[in-house]
>>> print(open('data_29.cif').read())   # mmCIF, C-alpha atoms
data_target
loop_
_atom_site.group_PDB
_atom_site.id
_atom_site.type_symbol
_atom_site.label_atom_id
_atom_site.label_comp_id
_atom_site.auth_asym_id
_atom_site.auth_seq_id
_atom_site.Cartn_x
_atom_site.Cartn_y
_atom_site.Cartn_z
ATOM 1 C CA MET A 1 44.045 116.245 126.477
ATOM 2 C CA ILE A 2 41.628 118.374 124.424
ATOM 3 C CA ARG A 3 43.451 121.533 125.477
ATOM 4 C CA LYS A 4 46.747 119.969 124.355
ATOM 5 C CA LEU A 5 45.290 119.071 120.956
ATOM 6 C CA PHE A 6 44.023 122.637 120.526
ATOM 7 C CA ALA A 7 47.507 123.942 121.361
ATOM 8 C CA VAL A 8 49.130 121.651 118.778
ATOM 9 C CA ALA A 9 46.570 122.666 116.162
ATOM 10 C CA ALA A 10 47.107 126.350 116.908
ATOM 11 C CA LEU A 11 50.868 125.942 116.578
ATOM 12 C CA ALA A 12 50.472 124.143 113.236
ATOM 13 C CA ALA A 13 48.155 126.883 111.983
ATOM 14 C CA ALA A 14 50.616 129.565 113.040
ATOM 15 C CA CYS A 15 53.469 127.794 111.220
ATOM 16 C CA ALA A 16 51.370 127.458 108.067
ATOM 17 C CA ALA A 17 50.433 131.137 108.169
ATOM 18 C CA HIS A 18 54.073 132.091 108.698
ATOM 19 C CA ALA A 19 55.067 129.988 105.685
ATOM 20 C CA GLN A 20 52.435 131.660 103.503
ATOM 21 C CA ASP A 21 53.894 135.074 104.331
ATOM 22 C CA TYR A 22 57.453 133.902 103.692
ATOM 23 C CA PRO A 23 59.646 135.619 102.774
ATOM 24 C CA SER A 24 58.851 139.126 103.997
ATOM 25 C CA LYS A 25 62.494 140.291 104.007
ATOM 26 C CA PRO A 26 65.810 139.384 102.335
ATOM 27 C CA ILE A 27 67.200 135.878 102.750
ATOM 28 C CA ARG A 28 70.872 135.545 103.641
ATOM 29 C CA ILE A 29 72.922 132.598 102.405
ATOM 30 C CA ILE A 30 76.039 132.306 104.550
ATOM 31 C CA ILE A 31 79.107 131.076 102.660
ATOM 32 C CA PRO A 32 81.594 129.736 105.247
ATOM 33 C CA SER A 33 84.668 130.352 103.092
ATOM 34 C CA THR A 34 86.612 133.115 101.426
ATOM 35 C CA PRO A 35 85.606 134.242 97.914
ATOM 36 C CA GLY A 36 86.684 131.752 95.258
ATOM 37 C CA GLY A 37 86.604 127.970 95.502
ATOM 38 C CA GLY A 38 83.817 125.427 95.350
ATOM 39 C CA THR A 39 81.766 126.493 98.377
ATOM 40 C CA ASP A 40 81.741 130.149 97.341
ATOM 41 C CA TYR A 41 80.819 129.213 93.763
ATOM 42 C CA ILE A 42 77.854 127.148 94.931
ATOM 43 C CA GLY A 43 76.641 129.766 97.417
ATOM 44 C CA ARG A 44 76.670 132.553 94.847
ATOM 45 C CA LEU A 45 75.133 130.395 92.136
ATOM 46 C CA MET A 46 72.270 129.319 94.417
ATOM 47 C CA SER A 47 71.715 132.918 95.566
ATOM 48 C CA THR A 48 71.495 134.196 91.986
ATOM 49 C CA LYS A 49 69.291 131.382 90.717
ATOM 50 C CA LEU A 50 66.893 131.499 93.697
ATOM 51 C CA HIS A 51 66.399 135.212 92.993
ATOM 52 C CA GLU A 52 65.760 134.419 89.313
ATOM 53 C CA LEU A 53 63.233 131.717 90.224
ATOM 54 C CA ASN A 54 61.148 133.648 92.735
ATOM 55 C CA GLY A 55 62.211 137.263 92.526
ATOM 56 C CA TRP A 56 63.229 137.065 96.184
ATOM 57 C CA SER A 57 66.008 139.202 97.586
ATOM 58 C CA VAL A 58 68.796 136.711 98.324
ATOM 59 C CA ILE A 59 72.109 137.957 99.703
ATOM 60 C CA PRO A 60 75.256 135.784 99.709
ATOM 61 C CA GLU A 61 77.590 136.611 102.593
ATOM 62 C CA ASN A 62 81.078 135.192 103.121
ATOM 63 C CA LYS A 63 81.837 134.217 106.721
ATOM 64 C CA PRO A 64 85.179 132.373 106.641
ATOM 65 C CA GLY A 65 87.114 131.159 109.648
ATOM 66 C CA ALA A 66 87.878 128.137 111.841
ATOM 67 C CA GLY A 67 88.313 125.881 108.838
ATOM 68 C CA THR A 68 84.834 126.868 107.521
ATOM 69 C CA ALA A 69 83.203 126.077 110.884
ATOM 70 C CA LEU A 70 82.552 129.722 111.766
ATOM 71 C CA GLY A 71 79.819 130.154 109.167
ATOM 72 C CA LEU A 72 77.949 127.070 110.348
ATOM 73 C CA ALA A 73 78.206 128.239 113.946
ATOM 74 C CA GLU A 74 76.631 131.557 112.976
ATOM 75 C CA ALA A 75 73.812 129.832 111.142
ATOM 76 C CA ALA A 76 73.172 127.508 114.097
ATOM 77 C CA ARG A 77 72.623 130.433 116.460
ATOM 78 C CA SER A 78 70.547 132.532 114.008
ATOM 79 C CA PRO A 79 66.770 132.899 114.430
ATOM 80 C CA ALA A 80 65.003 129.824 113.065
ATOM 81 C CA GLN A 81 62.756 131.723 110.668
ATOM 82 C CA GLY A 82 64.120 130.770 107.261
ATOM 83 C CA TYR A 83 66.048 133.988 106.640
ATOM 84 C CA ASP A 84 69.501 132.658 107.495
ATOM 85 C CA LEU A 85 70.717 129.710 105.440
ATOM 86 C CA VAL A 86 74.231 128.309 105.102
ATOM 87 C CA ILE A 87 76.173 126.284 102.562
ATOM 88 C CA GLY A 88 77.417 123.230 104.402
ATOM 89 C CA GLN A 89 79.660 120.517 103.054
ATOM 90 C CA SER A 90 81.324 117.303 104.133
ATOM 91 C CA ASP A 91 84.234 118.986 105.912
ATOM 92 C CA ASN A 92 82.273 121.357 108.156
ATOM 93 C CA VAL A 93 79.156 119.210 108.654
ATOM 94 C CA THR A 94 80.745 115.765 108.984
ATOM 95 C CA LEU A 95 84.464 116.017 109.696
ATOM 96 C CA ILE A 96 85.287 119.200 111.614
ATOM 97 C CA PRO A 97 82.818 118.473 114.464
ATOM 98 C CA LEU A 98 84.492 115.052 114.881
ATOM 99 C CA LEU A 99 88.016 116.451 114.936
ATOM 100 C CA MET A 100 87.855 119.718 116.834
ATOM 101 C CA LYS A 101 85.731 121.515 119.383
ATOM 102 C CA VAL A 102 83.021 123.597 117.705
ATOM 103 C CA SER A 103 80.052 125.491 119.091
ATOM 104 C CA TYR A 104 77.438 123.632 117.043
ATOM 105 C CA ASP A 105 76.156 120.092 116.694
ATOM 106 C CA PRO A 106 75.518 119.503 112.975
ATOM 107 C CA VAL A 107 72.636 117.123 113.659
ATOM 108 C CA LYS A 108 70.927 118.891 116.582
ATOM 109 C CA ASP A 109 71.532 122.535 115.652
ATOM 110 C CA LEU A 110 71.061 122.534 111.879
ATOM 111 C CA ALA A 111 68.213 121.404 109.644
ATOM 112 C CA PRO A 112 69.046 119.898 106.218
ATOM 113 C CA VAL A 113 67.241 121.841 103.497
ATOM 114 C CA ALA A 114 68.580 120.691 100.125
ATOM 115 C CA LEU A 115 71.449 118.621 98.769
ATOM 116 C CA VAL A 116 72.949 120.769 96.007
ATOM 117 C CA ALA A 117 75.804 118.713 94.605
ATOM 118 C CA THR A 118 78.358 116.007 95.156
ATOM 119 C CA THR A 119 81.866 115.650 93.813
ATOM 120 C CA PRO A 120 84.580 113.042 94.211
ATOM 121 C CA MET A 121 88.199 113.538 95.074
ATOM 122 C CA VAL A 122 90.730 112.880 92.345
ATOM 123 C CA LEU A 123 93.947 110.944 93.039
ATOM 124 C CA LEU A 124 97.031 112.277 91.310
ATOM 125 C CA VAL A 125 100.705 111.873 90.473
ATOM 126 C CA SER A 126 103.010 114.261 88.641
ATOM 127 C CA GLU A 127 103.374 114.013 84.878
ATOM 128 C CA SER A 128 106.917 112.678 85.334
ATOM 129 C CA SER A 129 105.906 109.966 87.831
ATOM 130 C CA PRO A 130 106.851 106.360 87.054
ATOM 131 C CA TYR A 131 103.375 105.365 88.335
ATOM 132 C CA LYS A 132 100.952 105.198 85.422
ATOM 133 C CA THR A 133 97.954 103.746 87.268
ATOM 134 C CA LEU A 134 96.551 103.606 90.786
ATOM 135 C CA PRO A 135 97.454 99.870 91.066
ATOM 136 C CA ASP A 136 101.071 100.894 90.322
ATOM 137 C CA VAL A 137 101.031 103.173 93.374
ATOM 138 C CA ILE A 138 99.353 100.568 95.569
ATOM 139 C CA ASP A 139 101.812 97.836 94.543
ATOM 140 C CA ALA A 140 104.793 100.098 95.277
ATOM 141 C CA ALA A 141 103.353 101.086 98.658
ATOM 142 C CA LYS A 142 102.759 97.446 99.596
ATOM 143 C CA LYS A 143 106.347 96.560 98.773
ATOM 144 C CA ASP A 144 107.784 99.435 100.792
ATOM 145 C CA PRO A 145 105.325 100.786 103.423
ATOM 146 C CA ASN A 146 105.530 104.512 104.201
ATOM 147 C CA LYS A 147 108.114 105.165 101.464
ATOM 148 C CA ILE A 148 105.540 106.920 99.288
ATOM 149 C CA SER A 149 104.408 110.282 100.648
ATOM 150 C CA TYR A 150 101.023 111.741 99.806
ATOM 151 C CA GLY A 151 99.818 115.293 100.189
ATOM 152 C CA THR A 152 96.408 116.654 101.152
ATOM 153 C CA SER A 153 94.872 120.019 101.997
ATOM 154 C CA GLY A 154 95.022 119.200 105.712
ATOM 155 C CA THR A 155 94.679 116.600 108.444
ATOM 156 C CA GLY A 156 91.133 115.319 108.835
ATOM 157 C CA GLY A 157 89.880 116.866 105.600
ATOM 158 C CA GLY A 158 87.865 115.012 102.999
ATOM 159 C CA VAL A 159 90.892 114.067 100.895
ATOM 160 C CA HIS A 160 92.785 112.756 103.933
ATOM 161 C CA ILE A 161 89.815 110.628 104.973
ATOM 162 C CA ALA A 162 89.372 109.299 101.422
ATOM 163 C CA ILE A 163 93.004 108.206 101.112
ATOM 164 C CA GLU A 164 92.956 106.640 104.581
ATOM 165 C CA MET A 165 89.880 104.672 103.547
ATOM 166 C CA LEU A 166 91.664 103.559 100.375
ATOM 167 C CA GLN A 167 94.696 102.398 102.353
ATOM 168 C CA HIS A 168 92.425 100.419 104.661
ATOM 169 C CA ALA A 169 90.501 98.872 101.738
ATOM 170 C CA ALA A 170 93.619 97.945 99.748
ATOM 171 C CA GLY A 171 95.926 97.021 102.622
ATOM 172 C CA PHE A 172 98.834 99.391 102.151
ATOM 173 C CA LYS A 173 100.384 102.349 103.979
ATOM 174 C CA MET A 174 101.754 105.697 102.827
ATOM 175 C CA GLN A 175 103.172 108.703 104.670
ATOM 176 C CA HIS A 176 100.717 111.588 105.050
ATOM 177 C CA VAL A 177 101.975 115.139 104.468
ATOM 178 C CA PRO A 178 99.276 117.716 105.336
ATOM 179 C CA TYR A 179 99.289 121.185 103.762
ATOM 180 C CA LYS A 180 97.311 124.369 104.342
ATOM 181 C CA GLY A 181 95.271 123.985 101.190
ATOM 182 C CA SER A 182 95.332 122.100 97.894
ATOM 183 C CA ALA A 183 97.505 124.598 95.999
ATOM 184 C CA PRO A 184 100.749 124.039 97.970
ATOM 185 C CA ALA A 185 100.223 120.271 97.968
ATOM 186 C CA LEU A 186 99.815 120.229 94.198
ATOM 187 C CA ALA A 187 102.835 122.514 93.780
ATOM 188 C CA ASP A 188 104.985 120.056 95.739
ATOM 189 C CA LEU A 189 103.568 117.147 93.745
ATOM 190 C CA MET A 190 104.639 118.834 90.503
ATOM 191 C CA GLY A 191 107.985 119.737 92.063
ATOM 192 C CA GLY A 192 108.756 116.128 92.945
ATOM 193 C CA HIS A 193 108.560 116.572 96.716
ATOM 194 C CA LEU A 194 105.526 114.238 96.883
ATOM 195 C CA GLN A 195 104.824 111.027 95.025
ATOM 196 C CA PHE A 196 101.033 111.106 95.332
ATOM 197 C CA ALA A 197 98.239 113.537 96.208
ATOM 198 C CA GLY A 198 94.499 113.926 96.421
ATOM 199 C CA SER A 199 92.463 116.993 95.542
ATOM 200 C CA SER A 200 89.042 118.258 94.607
ATOM 201 C CA ILE A 201 88.429 118.180 90.869
ATOM 202 C CA SER A 202 87.916 121.947 90.734
ATOM 203 C CA SER A 203 91.332 122.596 92.319
ATOM 204 C CA ALA A 204 93.179 120.186 90.018
ATOM 205 C CA ALA A 205 91.238 120.472 86.736
ATOM 206 C CA THR A 206 93.510 123.051 85.089
ATOM 207 C CA LEU A 207 96.660 121.119 85.980
ATOM 208 C CA ILE A 208 95.137 117.876 84.695
ATOM 209 C CA LYS A 209 94.102 119.462 81.395
ATOM 210 C CA SER A 210 97.531 121.046 80.931
ATOM 211 C CA GLY A 211 99.229 117.697 81.554
ATOM 212 C CA LYS A 212 101.176 118.872 84.595
ATOM 213 C CA VAL A 213 99.620 116.185 86.781
ATOM 214 C CA ARG A 214 98.146 112.801 85.925
ATOM 215 C CA ALA A 215 94.734 111.779 87.253
ATOM 216 C CA LEU A 216 94.751 108.092 88.260
ATOM 217 C CA ALA A 217 91.276 107.659 89.736
ATOM 218 C CA VAL A 218 88.238 109.384 91.186
ATOM 219 C CA THR A 219 86.631 108.298 94.451
ATOM 220 C CA SER A 220 82.966 108.368 93.371
ATOM 221 C CA PRO A 221 80.955 105.233 92.541
ATOM 222 C CA ARG A 222 80.732 106.318 88.883
ATOM 223 C CA ARG A 223 82.976 108.341 86.585
ATOM 224 C CA ASN A 224 82.756 112.105 86.794
ATOM 225 C CA PRO A 225 81.583 113.956 83.670
ATOM 226 C CA ALA A 226 84.416 116.479 84.053
ATOM 227 C CA LEU A 227 86.977 113.624 83.838
ATOM 228 C CA PRO A 228 85.253 110.961 81.722
ATOM 229 C CA ASP A 229 88.481 109.101 80.916
ATOM 230 C CA VAL A 230 89.539 108.719 84.547
ATOM 231 C CA PRO A 231 88.431 105.422 86.175
ATOM 232 C CA THR A 232 86.848 105.104 89.585
ATOM 233 C CA VAL A 233 88.605 103.369 92.464
ATOM 234 C CA ALA A 234 85.801 100.787 92.382
ATOM 235 C CA GLU A 235 86.542 100.011 88.717
ATOM 236 C CA LEU A 236 90.155 99.282 89.639
ATOM 237 C CA GLY A 237 89.220 96.399 91.887
ATOM 238 C CA TYR A 238 87.919 97.928 95.138
ATOM 239 C CA LYS A 239 84.225 97.183 94.857
ATOM 240 C CA ASP A 240 81.784 99.544 96.565
ATOM 241 C CA PHE A 241 84.528 102.095 97.340
ATOM 242 C CA SER A 242 82.835 105.483 97.403
ATOM 243 C CA VAL A 243 83.885 108.745 99.016
ATOM 244 C CA VAL A 244 82.297 111.962 97.792
ATOM 245 C CA THR A 245 82.125 115.484 99.097
ATOM 246 C CA TYR A 246 78.588 116.812 99.378
ATOM 247 C CA TYR A 247 77.465 120.425 99.345
ATOM 248 C CA GLY A 248 74.057 121.463 100.602
ATOM 249 C CA VAL A 249 71.892 124.158 102.095
ATOM 250 C CA LEU A 250 71.086 124.026 105.804
ATOM 251 C CA ALA A 251 69.009 126.185 108.127
ATOM 252 C CA PRO A 252 68.900 126.661 111.893
ATOM 253 C CA ALA A 253 67.186 123.800 113.687
ATOM 254 C CA LYS A 254 63.499 124.409 114.464
ATOM 255 C CA THR A 255 62.981 126.403 111.270
ATOM 256 C CA PRO A 256 59.256 125.857 110.489
ATOM 257 C CA PRO A 257 58.881 122.602 108.529
ATOM 258 C CA ALA A 258 56.637 124.296 105.957
ATOM 259 C CA ILE A 259 59.419 126.764 105.134
ATOM 260 C CA VAL A 260 62.052 124.024 104.959
ATOM 261 C CA SER A 261 59.776 122.048 102.627
ATOM 262 C CA ARG A 262 59.178 125.103 100.415
ATOM 263 C CA LEU A 263 62.911 125.790 100.178
ATOM 264 C CA ASN A 264 63.668 122.149 99.398
ATOM 265 C CA SER A 265 61.132 122.244 96.572
ATOM 266 C CA ASP A 266 62.532 125.492 95.157
ATOM 267 C CA PHE A 267 66.174 124.413 95.306
ATOM 268 C CA ASN A 268 65.258 121.102 93.670
ATOM 269 C CA LYS A 269 63.496 123.009 90.879
ATOM 270 C CA LEU A 270 66.714 124.929 90.310
ATOM 271 C CA LEU A 271 68.790 121.753 90.273
ATOM 272 C CA ALA A 272 66.538 120.301 87.552
ATOM 273 C CA ARG A 273 67.323 123.227 85.246
ATOM 274 C CA LYS A 274 69.855 122.653 82.473
ATOM 275 C CA ASP A 275 71.659 125.972 83.037
ATOM 276 C CA VAL A 276 72.234 125.161 86.714
ATOM 277 C CA GLN A 277 73.347 121.603 85.962
ATOM 278 C CA GLU A 278 75.823 122.874 83.356
ATOM 279 C CA ALA A 279 77.171 125.551 85.712
ATOM 280 C CA LEU A 280 77.785 122.935 88.414
ATOM 281 C CA ALA A 281 79.197 120.379 85.956
ATOM 282 C CA SER A 282 81.795 122.923 84.835
ATOM 283 C CA GLN A 283 83.246 122.608 88.349
ATOM 284 C CA GLY A 284 83.102 118.802 88.434
ATOM 285 C CA LEU A 285 79.923 118.918 90.521
ATOM 286 C CA GLU A 286 76.996 116.543 89.984
ATOM 287 C CA THR A 287 73.391 117.098 90.991
ATOM 288 C CA ASP A 288 70.962 114.545 92.400
ATOM 289 C CA PRO A 289 68.038 116.353 94.092
ATOM 290 C CA VAL A 290 66.636 114.575 97.149
ATOM 291 C CA SER A 291 64.160 115.203 99.957
ATOM 292 C CA THR A 292 65.192 116.758 103.261
ATOM 293 C CA GLU A 293 64.855 113.329 104.872
ATOM 294 C CA GLN A 294 67.209 111.766 102.338
ATOM 295 C CA PHE A 295 69.721 114.574 102.814
ATOM 296 C CA ALA A 296 69.565 114.057 106.587
ATOM 297 C CA ALA A 297 70.167 110.311 106.096
ATOM 298 C CA LEU A 298 73.201 111.063 103.907
ATOM 299 C CA ILE A 299 74.678 113.273 106.634
ATOM 300 C CA GLN A 300 74.118 110.610 109.311
ATOM 301 C CA SER A 301 75.686 107.899 107.125
ATOM 302 C CA ASP A 302 78.667 110.129 106.310
ATOM 303 C CA ILE A 303 79.269 110.858 110.004
ATOM 304 C CA GLY A 304 79.184 107.139 110.817
ATOM 305 C CA LYS A 305 81.734 106.245 108.118
ATOM 306 C CA ALA A 306 83.992 109.142 109.092
ATOM 307 C CA LYS A 307 84.013 108.074 112.760
ATOM 308 C CA GLN A 308 85.158 104.582 111.793
ATOM 309 C CA THR A 309 87.934 105.924 109.552
ATOM 310 C CA ILE A 310 89.177 108.428 112.131
ATOM 311 C CA GLU A 311 89.367 105.692 114.771
ATOM 312 C CA SER A 312 91.021 103.069 112.543
ATOM 313 C CA ALA A 313 93.543 105.572 111.126
ATOM 314 C CA GLY A 314 94.398 106.977 114.546
ATOM 315 C CA ILE A 315 93.735 110.545 113.424
ATOM 316 C CA VAL A 316 94.233 112.811 116.438
ATOM 317 C CA VAL A 317 91.182 114.714 117.624
ATOM 318 C CA GLN A 318 91.924 118.292 118.677
ATOM 319 C CA GLN A 319 90.892 118.880 122.297
#
>>> encode(input="data_29.cif", output="structure tokens")
Amino acid sequence: MIRKLFAVAALAAACAAHAQDYPSKPIRIIIPSTPGGGTDYIGRLMSTKLHELNGWSVIPENKPGAGTALGLAEAARSPAQGYDLVIGQSDNVTLIPLLMKVSYDPVKDLAPVALVATTPMVLLVSESSPYKTLPDVIDAAKKDPNKISYGTSGTGGGVHIAIEMLQHAAGFKMQHVPYKGSAPALADLMGGHLQFAGSSISSAATLIKSGKVRALAVTSPRRNPALPDVPTVAELGYKDFSVVTYYGVLAPAKTPPAIVSRLNSDFNKLLARKDVQEALASQGLETDPVSTEQFAALIQSDIGKAKQTIESAGIVVQQ
């Protein structure tokens, strides 16, 4: 027993010493997407600001592929020393592992470090649509199930899950049309080939501002600062409805807790800065710094809700 206690104490001392020496080489932040878009923006912003805060060498590296799962897989198999971090988000942490075979378990193989931002989806119609409000769309869909078609960036993505949850909450049914990205879905919405669509705010913001599409609602529990005049789904009668995309920093599992704690503290310092908050807000992203434990709880809750939606909607899981 005494020998075991000595071993535990020695391990704790070694971890503390390792954390004191950290970092002794450049830190890589893996961005699991191509350049451009929300994930890339966040990864590069965090890399730049972490360097400004500490003077550390921080290198952003794009690793796209497998619907953004490739970057998380690489992080999961990297040495657990705090030098390989990854930007994870709802799709590749929560949804993709539930819908397709991947080489990582987001809970067992990755350690939550810091929640960077959240953003809702925005629900849209074209500027020429006869539907002026979200209740207009819901009423029409109830009267004629599956007549209204809605577009998303792909089956099983965050927007698809959000609209399936809305259909379940409001008791109506529409026809899903998946696309390979938001851009073609929004193009077909403007062209009259779709009656309804969902998108990230960053992908749709320019079209909303130019009046080419009409924003009917956002899926967050409160209005988004980037679209202050757009109501939430909850405001329109569906109490407690909330679906947001989260973005955060993760590390390989078994990264020393002292290093994870240090990184959480540093990222949260960045997120408290006005310049960082304004940079994120420009993309429709909101900050709400939390502990690693709270971030882990958010991930677990999100996985649980997604499982229920996937089962109730009959979304096919890729074998």
>>> resolve_selection(input="data_29.cif", expression="the PyMOL selection byres ((chain A and resi 132) around 12)", output="ChimeraX atom specification")
/A:123-131,133-140,195-196,213-217,230
>>> write_last_selection(input="data_29.cif", atoms="C-alpha atoms", output="PDB file, keeping the file's coordinate frame")
ATOM      1  CA  LEU A 123      93.947 110.944  93.039  1.00  0.00           C
ATOM      2  CA  LEU A 124      97.031 112.277  91.310  1.00  0.00           C
ATOM      3  CA  VAL A 125     100.705 111.873  90.473  1.00  0.00           C
ATOM      4  CA  SER A 126     103.010 114.261  88.641  1.00  0.00           C
ATOM      5  CA  GLU A 127     103.374 114.013  84.878  1.00  0.00           C
ATOM      6  CA  SER A 128     106.917 112.678  85.334  1.00  0.00           C
ATOM      7  CA  SER A 129     105.906 109.966  87.831  1.00  0.00           C
ATOM      8  CA  PRO A 130     106.851 106.360  87.054  1.00  0.00           C
ATOM      9  CA  TYR A 131     103.375 105.365  88.335  1.00  0.00           C
ATOM     10  CA  THR A 133      97.954 103.746  87.268  1.00  0.00           C
ATOM     11  CA  LEU A 134      96.551 103.606  90.786  1.00  0.00           C
ATOM     12  CA  PRO A 135      97.454  99.870  91.066  1.00  0.00           C
ATOM     13  CA  ASP A 136     101.071 100.894  90.322  1.00  0.00           C
ATOM     14  CA  VAL A 137     101.031 103.173  93.374  1.00  0.00           C
ATOM     15  CA  ILE A 138      99.353 100.568  95.569  1.00  0.00           C
ATOM     16  CA  ASP A 139     101.812  97.836  94.543  1.00  0.00           C
ATOM     17  CA  ALA A 140     104.793 100.098  95.277  1.00  0.00           C
ATOM     18  CA  GLN A 195     104.824 111.027  95.025  1.00  0.00           C
ATOM     19  CA  PHE A 196     101.033 111.106  95.332  1.00  0.00           C
ATOM     20  CA  VAL A 213      99.620 116.185  86.781  1.00  0.00           C
ATOM     21  CA  ARG A 214      98.146 112.801  85.925  1.00  0.00           C
ATOM     22  CA  ALA A 215      94.734 111.779  87.253  1.00  0.00           C
ATOM     23  CA  LEU A 216      94.751 108.092  88.260  1.00  0.00           C
ATOM     24  CA  ALA A 217      91.276 107.659  89.736  1.00  0.00           C
ATOM     25  CA  VAL A 230      89.539 108.719  84.547  1.00  0.00           C
TER      26      VAL A 230
END
>>> resolve_selection(input="data_29.cif", expression="the PyMOL selection byres ((chain A and resi 292) around 8)", output="VMD selection string")
chain A and resid 112 to 115 261 264 290 to 291 293 to 296
>>> closest_residue(input="data_29.cif", among="A:Ile148, A:Val218, A:Val249, A:Met46", to="Leu72 in chain A", atoms="only C-alpha atoms")
A:Val249
>>> resolve_selection(input="data_29.cif", expression="the PyMOL selection byres ((chain A and resi 93) around 12)", output="PyMOL selection string")
chain A and resi 32+67-73+76+86-92+94-100+102+104-112+157-158+245-250+296+298-303+306
>>> atom_distance(input="data_29.cif", atom1="CA of Thr152 in chain A", atom2="CA of Lys212 in chain A")
17.4 Å
>>> closest_residue(input="data_29.cif", among="A:Asp84, A:Glu164, A:Asp40, A:Asp21", to="Ala253 in chain A", atoms="only C-alpha atoms")
A:Asp84
>>> atom_distance(input="data_29.cif", atom1="CA of Arg28 in chain A", atom2="CA of Val58 in chain A")
5.8 Å
>>> residues_around(input="data_29.cif", residues="Tyr238 in chain A", least_positions_apart="3", cutoff="12 Å", atoms="all atoms listed in the file", output="MDAnalysis selection string")
chainID A and resid 134:135 138 165:171 217 219:221 231:235 241:242
>>> write_last_selection(input="data_29.cif", atoms="C-alpha atoms", output="CSV table (one decimal), in the coordinates of the input")
chain,number,residue,atom,x,y,z
A,134,LEU,CA,96.6,103.6,90.8
A,135,PRO,CA,97.5,99.9,91.1
A,138,ILE,CA,99.4,100.6,95.6
A,165,MET,CA,89.9,104.7,103.5
A,166,LEU,CA,91.7,103.6,100.4
A,167,GLN,CA,94.7,102.4,102.4
A,168,HIS,CA,92.4,100.4,104.7
A,169,ALA,CA,90.5,98.9,101.7
A,170,ALA,CA,93.6,97.9,99.7
A,171,GLY,CA,95.9,97.0,102.6
A,217,ALA,CA,91.3,107.7,89.7
A,219,THR,CA,86.6,108.3,94.5
A,220,SER,CA,83.0,108.4,93.4
A,221,PRO,CA,81.0,105.2,92.5
A,231,PRO,CA,88.4,105.4,86.2
A,232,THR,CA,86.8,105.1,89.6
A,233,VAL,CA,88.6,103.4,92.5
A,234,ALA,CA,85.8,100.8,92.4
A,235,GLU,CA,86.5,100.0,88.7
A,241,PHE,CA,84.5,102.1,97.3
A,242,SER,CA,82.8,105.5,97.4
>>> closest_residue(input="data_29.cif", among="A:Ser282, A:Ser78, A:Thr287, A:Thr155", to="Gly314 in chain A", atoms="all atoms listed in the file")
A:Thr155
>>> atom_distance(input="data_29.cif", atom1="CA of Met121 in chain A", atom2="CA of Glu74 in chain A")
27.9 Å
>>> closest_residue(input="data_29.cif", among="A:Val159, A:Leu50, A:Ala204, A:Ile310", to="Gly37 in chain A", atoms="all atoms listed in the file")
A:Ala204
>>> axis_aligned_box(input="data_29.cif", around="range 69-81 of chain A", padding_each_side="5 Å", output="JSON")
{"center_x": 73.0, "center_y": 129.5, "center_z": 112.8, "size_x": 30.4, "size_y": 16.8, "size_z": 17.3}
>>> closest_residue(input="data_29.cif", among="A:Lys147, A:His176, A:Lys63, A:His193", to="Thr34 in chain A", atoms="all atoms listed in the file")
A:Lys63
>>> closest_residue(input="data_29.cif", among="A:Lys143, A:Thr206, A:Ala162, A:Ser149", to="Ala185 in chain A", atoms="all atoms listed in the file")
A:Ser149
